[in-house]
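Source file: upload_24.txt. Holds: compact mmCIF, N, CA and C atoms.
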```
# COMPACT_ATOMS: atom_id res chain seq x y z
N MET A 1 0.82 -1.20 0.00
CA MET A 1 0.00 0.00 0.00
C MET A 1 0.87 1.26 0.00
N ILE A 2 1.96 1.23 0.76
CA ILE A 2 2.86 2.39 0.81
C ILE A 2 3.44 2.66 -0.57
N ARG A 3 3.83 1.60 -1.29
CA ARG A 3 4.39 1.78 -2.63
C ARG A 3 3.39 2.45 -3.56
N ILE A 4 2.16 2.01 -3.52
CA ILE A 4 1.13 2.60 -4.37
C ILE A 4 0.94 4.06 -4.03
N PHE A 5 0.90 4.35 -2.74
CA PHE A 5 0.70 5.72 -2.27
C PHE A 5 1.80 6.63 -2.82
N TRP A 6 3.05 6.23 -2.67
CA TRP A 6 4.15 7.10 -3.09
C TRP A 6 4.36 7.09 -4.59
N ALA A 7 4.01 6.00 -5.24
CA ALA A 7 4.03 6.01 -6.71
C ALA A 7 3.02 7.02 -7.22
N ALA A 8 1.86 7.06 -6.59
CA ALA A 8 0.83 8.03 -6.98
C ALA A 8 1.32 9.45 -6.72
N LEU A 9 2.00 9.66 -5.60
CA LEU A 9 2.54 10.98 -5.30
C LEU A 9 3.54 11.41 -6.37
N LEU A 10 4.46 10.53 -6.71
CA LEU A 10 5.45 10.87 -7.73
C LEU A 10 4.78 11.12 -9.08
N LEU A 11 3.79 10.32 -9.40
CA LEU A 11 3.06 10.54 -10.64
C LEU A 11 2.37 11.90 -10.63
N ALA A 12 1.69 12.19 -9.55
CA ALA A 12 0.98 13.47 -9.45
C ALA A 12 1.95 14.64 -9.53
N LEU A 13 3.07 14.52 -8.86
CA LEU A 13 4.05 15.60 -8.88
C LEU A 13 4.72 15.73 -10.23
N SER A 14 5.01 14.60 -10.87
CA SER A 14 5.67 14.68 -12.17
C SER A 14 4.75 15.31 -13.20
N PHE A 15 3.47 14.95 -13.20
CA PHE A 15 2.54 15.58 -14.12
C PHE A 15 2.27 17.01 -13.69
N GLY A 16 2.31 17.25 -12.41
CA GLY A 16 2.12 18.61 -11.91
C GLY A 16 3.21 19.55 -12.38
N ALA A 17 4.38 19.01 -12.67
CA ALA A 17 5.48 19.83 -13.15
C ALA A 17 5.12 20.49 -14.47
N HIS A 18 4.25 19.86 -15.25
CA HIS A 18 3.84 20.43 -16.52
C HIS A 18 2.68 21.41 -16.33
N ALA A 19 1.94 21.25 -15.27
CA ALA A 19 0.75 22.07 -15.06
C ALA A 19 1.06 23.41 -14.42
N GLY A 20 2.16 23.53 -13.74
CA GLY A 20 2.48 24.79 -13.07
C GLY A 20 3.80 24.65 -12.35
N PRO A 21 4.23 25.71 -11.71
CA PRO A 21 5.51 25.67 -11.00
C PRO A 21 5.51 24.60 -9.91
N LEU A 22 6.44 23.70 -10.02
CA LEU A 22 6.54 22.59 -9.09
C LEU A 22 6.87 23.06 -7.67
N ASP A 23 7.69 24.08 -7.55
CA ASP A 23 8.05 24.57 -6.22
C ASP A 23 6.82 25.02 -5.44
N ARG A 24 5.88 25.62 -6.12
CA ARG A 24 4.65 26.07 -5.45
C ARG A 24 3.86 24.88 -4.93
N ASP A 25 3.83 23.78 -5.71
CA ASP A 25 3.14 22.57 -5.26
C ASP A 25 3.82 21.99 -4.02
N PHE A 26 5.14 21.94 -4.04
CA PHE A 26 5.85 21.42 -2.88
C PHE A 26 5.65 22.31 -1.66
N ASP A 27 5.67 23.62 -1.87
CA ASP A 27 5.45 24.55 -0.76
C ASP A 27 4.07 24.35 -0.14
N ARG A 28 3.08 24.20 -1.00
CA ARG A 28 1.71 24.01 -0.51
C ARG A 28 1.59 22.70 0.27
N LEU A 29 2.19 21.65 -0.24
CA LEU A 29 2.16 20.37 0.47
C LEU A 29 2.89 20.47 1.80
N GLU A 30 4.05 21.08 1.78
CA GLU A 30 4.83 21.23 3.02
C GLU A 30 4.05 22.00 4.09
N LYS A 31 3.44 23.10 3.71
CA LYS A 31 2.68 23.90 4.68
C LYS A 31 1.49 23.13 5.23
N SER A 32 0.81 22.41 4.37
CA SER A 32 -0.38 21.69 4.84
C SER A 32 -0.02 20.53 5.76
N LEU A 33 1.17 19.97 5.59
CA LEU A 33 1.58 18.84 6.44
C LEU A 33 2.02 19.27 7.84
N ARG A 34 2.41 20.54 8.00
CA ARG A 34 2.90 21.03 9.31
C ARG A 34 3.98 20.11 9.86
N LEU A 35 5.08 20.06 9.15
CA LEU A 35 6.15 19.12 9.46
C LEU A 35 6.96 19.51 10.68
N THR A 36 7.43 18.50 11.38
CA THR A 36 8.40 18.71 12.46
C THR A 36 9.75 19.00 11.80
N PRO A 37 10.71 19.51 12.55
CA PRO A 37 12.03 19.77 11.95
C PRO A 37 12.66 18.51 11.31
N GLU A 38 12.51 17.38 11.96
CA GLU A 38 13.07 16.14 11.41
C GLU A 38 12.35 15.75 10.11
N GLN A 39 11.03 15.88 10.11
CA GLN A 39 10.25 15.59 8.91
C GLN A 39 10.59 16.58 7.79
N LYS A 40 10.78 17.84 8.15
CA LYS A 40 11.12 18.88 7.17
C LYS A 40 12.43 18.54 6.49
N GLU A 41 13.37 18.07 7.23
CA GLU A 41 14.67 17.69 6.67
C GLU A 41 14.48 16.57 5.64
N GLN A 42 13.70 15.56 5.98
CA GLN A 42 13.47 14.46 5.06
C GLN A 42 12.63 14.92 3.87
N PHE A 43 11.68 15.79 4.11
CA PHE A 43 10.87 16.35 3.03
C PHE A 43 11.77 17.04 2.02
N ASP A 44 12.71 17.84 2.49
CA ASP A 44 13.64 18.54 1.60
C ASP A 44 14.48 17.56 0.78
N VAL A 45 14.90 16.47 1.41
CA VAL A 45 15.67 15.44 0.69
C VAL A 45 14.80 14.81 -0.40
N ALA A 46 13.55 14.51 -0.07
CA ALA A 46 12.63 13.89 -1.04
C ALA A 46 12.33 14.85 -2.19
N VAL A 47 12.12 16.10 -1.88
CA VAL A 47 11.85 17.10 -2.91
C VAL A 47 13.06 17.22 -3.85
N ALA A 48 14.24 17.29 -3.28
CA ALA A 48 15.45 17.42 -4.10
C ALA A 48 15.61 16.20 -5.01
N ALA A 49 15.35 15.02 -4.49
CA ALA A 49 15.46 13.80 -5.30
C ALA A 49 14.43 13.82 -6.44
N THR A 50 13.23 14.29 -6.14
CA THR A 50 12.19 14.37 -7.16
C THR A 50 12.57 15.40 -8.22
N GLN A 51 13.08 16.53 -7.80
CA GLN A 51 13.48 17.57 -8.75
C GLN A 51 14.61 17.07 -9.65
N ARG A 52 15.55 16.31 -9.10
CA ARG A 52 16.62 15.74 -9.93
C ARG A 52 16.04 14.82 -11.00
N ALA A 53 15.10 13.98 -10.60
CA ALA A 53 14.49 13.04 -11.54
C ALA A 53 13.73 13.79 -12.64
N LEU A 54 12.96 14.79 -12.25
CA LEU A 54 12.18 15.53 -13.23
C LEU A 54 13.07 16.36 -14.15
N LEU A 55 14.15 16.89 -13.63
CA LEU A 55 15.09 17.64 -14.46
C LEU A 55 15.74 16.71 -15.48
N ALA A 56 16.11 15.52 -15.04
CA ALA A 56 16.71 14.54 -15.96
C ALA A 56 15.74 14.18 -17.07
N VAL A 57 14.47 14.02 -16.74
CA VAL A 57 13.47 13.70 -17.75
C VAL A 57 13.32 14.88 -18.73
N ALA A 58 13.31 16.09 -18.21
CA ALA A 58 13.18 17.26 -19.08
C ALA A 58 14.37 17.36 -20.04
N MET A 59 15.56 17.12 -19.51
CA MET A 59 16.74 17.16 -20.37
C MET A 59 16.70 16.05 -21.41
N ALA A 60 16.28 14.87 -20.98
CA ALA A 60 16.17 13.75 -21.91
C ALA A 60 15.11 14.06 -22.96
N GLY A 61 14.04 14.72 -22.55
CA GLY A 61 12.99 15.09 -23.50
C GLY A 61 13.52 15.99 -24.60
N MET A 62 14.38 16.91 -24.24
CA MET A 62 14.98 17.78 -25.25
C MET A 62 15.86 16.98 -26.20
N GLN A 63 16.60 16.02 -25.65
CA GLN A 63 17.44 15.16 -26.50
C GLN A 63 16.58 14.30 -27.42
N ILE A 64 15.50 13.77 -26.89
CA ILE A 64 14.60 12.95 -27.69
C ILE A 64 14.02 13.78 -28.83
N GLN A 65 13.59 14.98 -28.50
CA GLN A 65 12.99 15.85 -29.50
C GLN A 65 13.97 16.08 -30.66
N GLU A 66 15.22 16.33 -30.33
CA GLU A 66 16.23 16.56 -31.37
C GLU A 66 16.48 15.29 -32.18
N ARG A 67 16.62 14.17 -31.50
CA ARG A 67 16.86 12.92 -32.21
C ARG A 67 15.67 12.55 -33.10
N MET A 68 14.48 12.81 -32.62
CA MET A 68 13.29 12.52 -33.42
C MET A 68 13.22 13.44 -34.64
N ARG A 69 13.56 14.70 -34.43
CA ARG A 69 13.56 15.65 -35.54
C ARG A 69 14.51 15.18 -36.64
N VAL A 70 15.71 14.78 -36.24
CA VAL A 70 16.71 14.31 -37.20
C VAL A 70 16.19 13.06 -37.93
N GLU A 71 15.61 12.15 -37.17
CA GLU A 71 15.11 10.91 -37.78
C GLU A 71 13.94 11.18 -38.72
N LEU A 72 13.04 12.06 -38.32
CA LEU A 72 11.87 12.35 -39.14
C LEU A 72 12.20 13.15 -40.39
N GLU A 73 13.36 13.77 -40.44
CA GLU A 73 13.79 14.48 -41.64
C GLU A 73 14.26 13.52 -42.73
N LYS A 74 14.52 12.28 -42.36
CA LYS A 74 14.96 11.29 -43.34
C LYS A 74 13.79 10.93 -44.25
N PRO A 75 14.10 10.54 -45.49
CA PRO A 75 13.02 10.15 -46.39
C PRO A 75 12.20 8.96 -45.88
N ARG A 76 12.85 8.08 -45.18
CA ARG A 76 12.15 6.91 -44.62
C ARG A 76 12.61 6.72 -43.17
N PRO A 77 11.96 7.44 -42.25
CA PRO A 77 12.38 7.36 -40.83
C PRO A 77 12.19 5.95 -40.28
N ASP A 78 13.08 5.59 -39.39
CA ASP A 78 12.99 4.29 -38.70
C ASP A 78 12.16 4.49 -37.43
N LEU A 79 10.89 4.08 -37.50
CA LEU A 79 10.00 4.28 -36.35
C LEU A 79 10.43 3.45 -35.15
N ASN A 80 11.06 2.31 -35.38
CA ASN A 80 11.56 1.50 -34.27
C ASN A 80 12.62 2.26 -33.48
N LEU A 81 13.42 3.04 -34.16
CA LEU A 81 14.42 3.86 -33.48
C LEU A 81 13.74 4.84 -32.53
N LEU A 82 12.63 5.40 -32.95
CA LEU A 82 11.91 6.34 -32.10
C LEU A 82 11.42 5.66 -30.82
N TYR A 83 10.91 4.44 -30.96
CA TYR A 83 10.47 3.69 -29.78
C TYR A 83 11.66 3.34 -28.89
N ASP A 84 12.78 2.99 -29.51
CA ASP A 84 13.98 2.64 -28.75
C ASP A 84 14.48 3.82 -27.93
N ILE A 85 14.40 5.01 -28.51
CA ILE A 85 14.83 6.22 -27.81
C ILE A 85 13.99 6.40 -26.54
N GLN A 86 12.69 6.23 -26.67
CA GLN A 86 11.80 6.37 -25.52
C GLN A 86 12.15 5.35 -24.45
N ASP A 87 12.37 4.11 -24.84
CA ASP A 87 12.73 3.07 -23.87
C ASP A 87 14.05 3.40 -23.18
N GLN A 88 15.00 3.93 -23.93
CA GLN A 88 16.30 4.27 -23.35
C GLN A 88 16.15 5.36 -22.28
N VAL A 89 15.32 6.33 -22.56
CA VAL A 89 15.12 7.42 -21.60
C VAL A 89 14.47 6.89 -20.33
N ILE A 90 13.47 6.05 -20.50
CA ILE A 90 12.79 5.48 -19.33
C ILE A 90 13.78 4.67 -18.49
N GLU A 91 14.54 3.83 -19.13
CA GLU A 91 15.51 3.00 -18.40
C GLU A 91 16.59 3.85 -17.73
N ALA A 92 17.06 4.87 -18.43
CA ALA A 92 18.13 5.71 -17.88
C ALA A 92 17.68 6.47 -16.64
N ASN A 93 16.39 6.80 -16.57
CA ASN A 93 15.91 7.63 -15.46
C ASN A 93 15.26 6.83 -14.34
N LYS A 94 15.11 5.54 -14.51
CA LYS A 94 14.51 4.72 -13.46
C LYS A 94 15.24 4.86 -12.12
N PRO A 95 16.56 4.83 -12.10
CA PRO A 95 17.24 4.96 -10.80
C PRO A 95 16.93 6.27 -10.08
N LEU A 96 16.79 7.35 -10.83
CA LEU A 96 16.48 8.64 -10.19
C LEU A 96 15.09 8.63 -9.58
N PHE A 97 14.13 8.05 -10.29
CA PHE A 97 12.77 7.97 -9.73
C PHE A 97 12.71 6.97 -8.58
N ARG A 98 13.51 5.93 -8.65
CA ARG A 98 13.57 4.97 -7.54
C ARG A 98 14.12 5.67 -6.30
N ASP A 99 15.17 6.47 -6.48
CA ASP A 99 15.74 7.22 -5.35
C ASP A 99 14.70 8.17 -4.76
N ALA A 100 13.98 8.88 -5.62
CA ALA A 100 12.96 9.81 -5.14
C ALA A 100 11.87 9.04 -4.39
N ARG A 101 11.44 7.93 -4.95
CA ARG A 101 10.40 7.12 -4.27
C ARG A 101 10.89 6.69 -2.89
N ASN A 102 12.14 6.26 -2.81
CA ASN A 102 12.67 5.81 -1.52
C ASN A 102 12.72 6.94 -0.49
N GLU A 103 13.04 8.13 -0.95
CA GLU A 103 13.08 9.28 -0.03
C GLU A 103 11.67 9.64 0.45
N TRP A 104 10.68 9.56 -0.44
CA TRP A 104 9.30 9.83 -0.03
C TRP A 104 8.82 8.74 0.93
N LYS A 105 9.23 7.50 0.71
CA LYS A 105 8.85 6.42 1.63
C LYS A 105 9.41 6.66 3.02
N LYS A 106 10.62 7.17 3.09
CA LYS A 106 11.21 7.49 4.40
C LYS A 106 10.37 8.56 5.10
N LEU A 107 9.97 9.58 4.35
CA LEU A 107 9.14 10.62 4.94
C LEU A 107 7.80 10.03 5.39
N TYR A 108 7.20 9.22 4.56
CA TYR A 108 5.90 8.61 4.88
C TYR A 108 5.96 7.88 6.22
N ALA A 109 7.06 7.18 6.45
CA ALA A 109 7.22 6.44 7.71
C ALA A 109 7.27 7.37 8.92
N MET A 110 7.58 8.63 8.68
CA MET A 110 7.70 9.61 9.76
C MET A 110 6.39 10.35 10.03
N LEU A 111 5.41 10.23 9.15
CA LEU A 111 4.18 11.00 9.27
C LEU A 111 3.22 10.41 10.29
N ASP A 112 2.50 11.29 10.98
CA ASP A 112 1.45 10.82 11.89
C ASP A 112 0.17 10.59 11.07
N PRO A 113 -0.85 9.98 11.66
CA PRO A 113 -2.07 9.68 10.90
C PRO A 113 -2.74 10.90 10.25
N GLU A 114 -2.73 12.03 10.92
CA GLU A 114 -3.34 13.24 10.33
C GLU A 114 -2.53 13.71 9.11
N GLN A 115 -1.23 13.65 9.21
CA GLN A 115 -0.39 14.04 8.08
C GLN A 115 -0.58 13.08 6.90
N VAL A 116 -0.75 11.81 7.18
CA VAL A 116 -1.02 10.83 6.12
C VAL A 116 -2.34 11.18 5.43
N ARG A 117 -3.34 11.54 6.20
CA ARG A 117 -4.64 11.93 5.63
C ARG A 117 -4.48 13.15 4.73
N ILE A 118 -3.71 14.12 5.17
CA ILE A 118 -3.47 15.34 4.38
C ILE A 118 -2.73 15.00 3.09
N ALA A 119 -1.70 14.16 3.19
CA ALA A 119 -0.93 13.77 2.01
C ALA A 119 -1.81 13.00 1.02
N LYS A 120 -2.63 12.13 1.55
CA LYS A 120 -3.54 11.35 0.69
C LYS A 120 -4.50 12.28 -0.04
N ARG A 121 -5.06 13.24 0.66
CA ARG A 121 -5.98 14.20 0.04
C ARG A 121 -5.25 15.01 -1.04
N TYR A 122 -4.02 15.40 -0.76
CA TYR A 122 -3.22 16.15 -1.72
C TYR A 122 -3.03 15.34 -3.00
N ILE A 123 -2.67 14.07 -2.86
CA ILE A 123 -2.46 13.21 -4.03
C ILE A 123 -3.76 13.04 -4.81
N GLU A 124 -4.84 12.80 -4.10
CA GLU A 124 -6.13 12.64 -4.77
C GLU A 124 -6.50 13.91 -5.55
N ASP A 125 -6.27 15.07 -4.95
CA ASP A 125 -6.57 16.33 -5.63
C ASP A 125 -5.73 16.50 -6.89
N ARG A 126 -4.44 16.18 -6.79
CA ARG A 126 -3.54 16.31 -7.95
C ARG A 126 -3.97 15.34 -9.06
N LEU A 127 -4.31 14.12 -8.71
CA LEU A 127 -4.73 13.15 -9.71
C LEU A 127 -6.06 13.55 -10.33
N ASN A 128 -6.98 14.09 -9.52
CA ASN A 128 -8.24 14.57 -10.08
C ASN A 128 -8.04 15.69 -11.08
N LEU A 129 -7.13 16.60 -10.79
CA LEU A 129 -6.82 17.67 -11.74
C LEU A 129 -6.25 17.10 -13.05
N LEU A 130 -5.45 16.09 -12.90
CA LEU A 130 -4.78 15.47 -14.04
C LEU A 130 -5.76 14.75 -14.95
N PHE A 131 -6.73 14.06 -14.36
CA PHE A 131 -7.60 13.19 -15.14
C PHE A 131 -9.01 13.72 -15.36
N ARG A 132 -9.25 14.99 -15.09
CA ARG A 132 -10.61 15.49 -15.34
C ARG A 132 -10.76 16.00 -16.73
```
Let me see whether you can do it: turn the structure in this file into structure tokens.
Amino acid sequence: MIRIFWAALLLALSFGAHAGPLDRDFDRLEKSLRLTPEQKEQFDVAVAATQRALLAVAMAGMQIQERMRVELEKPRPDLNLLYDIQDQVIEANKPLFRDARNEWKKLYAMLDPEQVRIAKRYIEDRLNLLFR
């Protein structure tokens, strides 16, 4: 259950990065959780890990865009190459998202029941915005 919860959080945050400034989302979550100093420290570690993962994906996205442009300019583009590029990006960034997930799991273990309820509501709200 914890894995599903934090996978949903990472999903919501990663899609949220496209919807608006990610820092504002993290600030709002942090304020609503009313973290203790120890929790705040872990929250900052989790946020930094998430930002690294999302930055890597953004950079990879720019590389993919360029590689796709070059391939699509060919008279007969190799569509399999385009799929391979996508797979390579996903595989290359898995460790960063795994690290971020692990940092969020550490924070989750530190939360009290009310904070868990707040985090759950936050994730549900983010997913509702994403899928409406």
With the cut-off set at 6.5 Å and counting only N, CA and C atoms, tabulate each residue of range 23-75 of chain A with an atom at most that distance from an atom of range 99-106 of chain A, showing the nearest atom pair and its distance in Å to one decimal, ordered by chain and increasing number, as a tab-separated table.
```
residue	atom	partner	partner_atom	distance
A:Gln42	C	A:Glu103	C	6.4
A:Val45	C	A:Glu103	CA	5.8
A:Ala46	CA	A:Glu103	C	4.6
A:Ala49	C	A:Ala100	CA	4.5
A:Thr50	N	A:Ala100	CA	4.6
```
For the residues in the current selection, export N, CA and C atoms as an mmCIF file, in the coordinates of the input.
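Result saved to selection_37.cif:
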```
data_model
loop_
_atom_site.group_PDB
_atom_site.id
_atom_site.type_symbol
_atom_site.label_atom_id
_atom_site.label_comp_id
_atom_site.auth_asym_id
_atom_site.auth_seq_id
_atom_site.Cartn_x
_atom_site.Cartn_y
_atom_site.Cartn_z
ATOM 1 N N GLN A 42 13.700 15.560 5.980
ATOM 2 C CA GLN A 42 13.470 14.460 5.060
ATOM 3 C C GLN A 42 12.630 14.920 3.870
ATOM 4 N N VAL A 45 14.900 16.470 1.410
ATOM 5 C CA VAL A 45 15.670 15.440 0.690
ATOM 6 C C VAL A 45 14.800 14.810 -0.400
ATOM 7 N N ALA A 46 13.550 14.510 -0.070
ATOM 8 C CA ALA A 46 12.630 13.890 -1.040
ATOM 9 C C ALA A 46 12.330 14.850 -2.190
ATOM 10 N N ALA A 49 15.350 15.020 -4.490
ATOM 11 C CA ALA A 49 15.460 13.800 -5.300
ATOM 12 C C ALA A 49 14.430 13.820 -6.440
ATOM 13 N N THR A 50 13.230 14.290 -6.140
ATOM 14 C CA THR A 50 12.190 14.370 -7.160
ATOM 15 C C THR A 50 12.570 15.400 -8.220
#
```
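The residue set within 12 Å of Lys94 in chain A, counting only C-alpha atoms and dropping same-chain residues fewer than 4 places from it, reads A:Thr50, A:Arg52, A:Ala53, A:Leu54, A:Ala56, A:Val57, A:Asp87, A:Gln88, A:Val89, A:Ile90, A:Arg98, A:Asp99, A:Ala100, A:Arg101.
Residue nearest Asp44 in chain A, chosen from A:Ala92, A:Leu29, A:Ala109, A:Ile64 and counting only C-alpha atoms: A:Leu29.
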Original post:
Between atom N of Ala60 in chain A and atom N of Pro95 in chain A, what is the spacing in Å?
Top reply: 13.4 Å
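Going from CA of Glu114 in chain A to atom C of Pro37 in chain A covers 16.9 Å.
Atom pair CA of Gln86 in chain A / CA of Val70 in chain A has a distance of 15.0 Å (rounded to one decimal).
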Subject >> Non-local contacts of Leu33 in chain A (7 Å; all atoms listed in the file; under 2 positions in same chain excluded) as a VMD selection string >> reply: chain A and resid 28 to 31 35 to 36 115 118 to 119
Subject >> Among the residues A:Glu73, A:Asp25, A:Glu38, A:Asp84, the one that comes closest to Leu107 in chain A [using only N, CA and C atoms] >> reply: A:Glu38
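Comparing A:Leu111, A:Arg126, A:Arg67, A:Phe97 by their smallest distance to Gln39 in chain A, the closest is A:Leu111 (using only C-alpha atoms).
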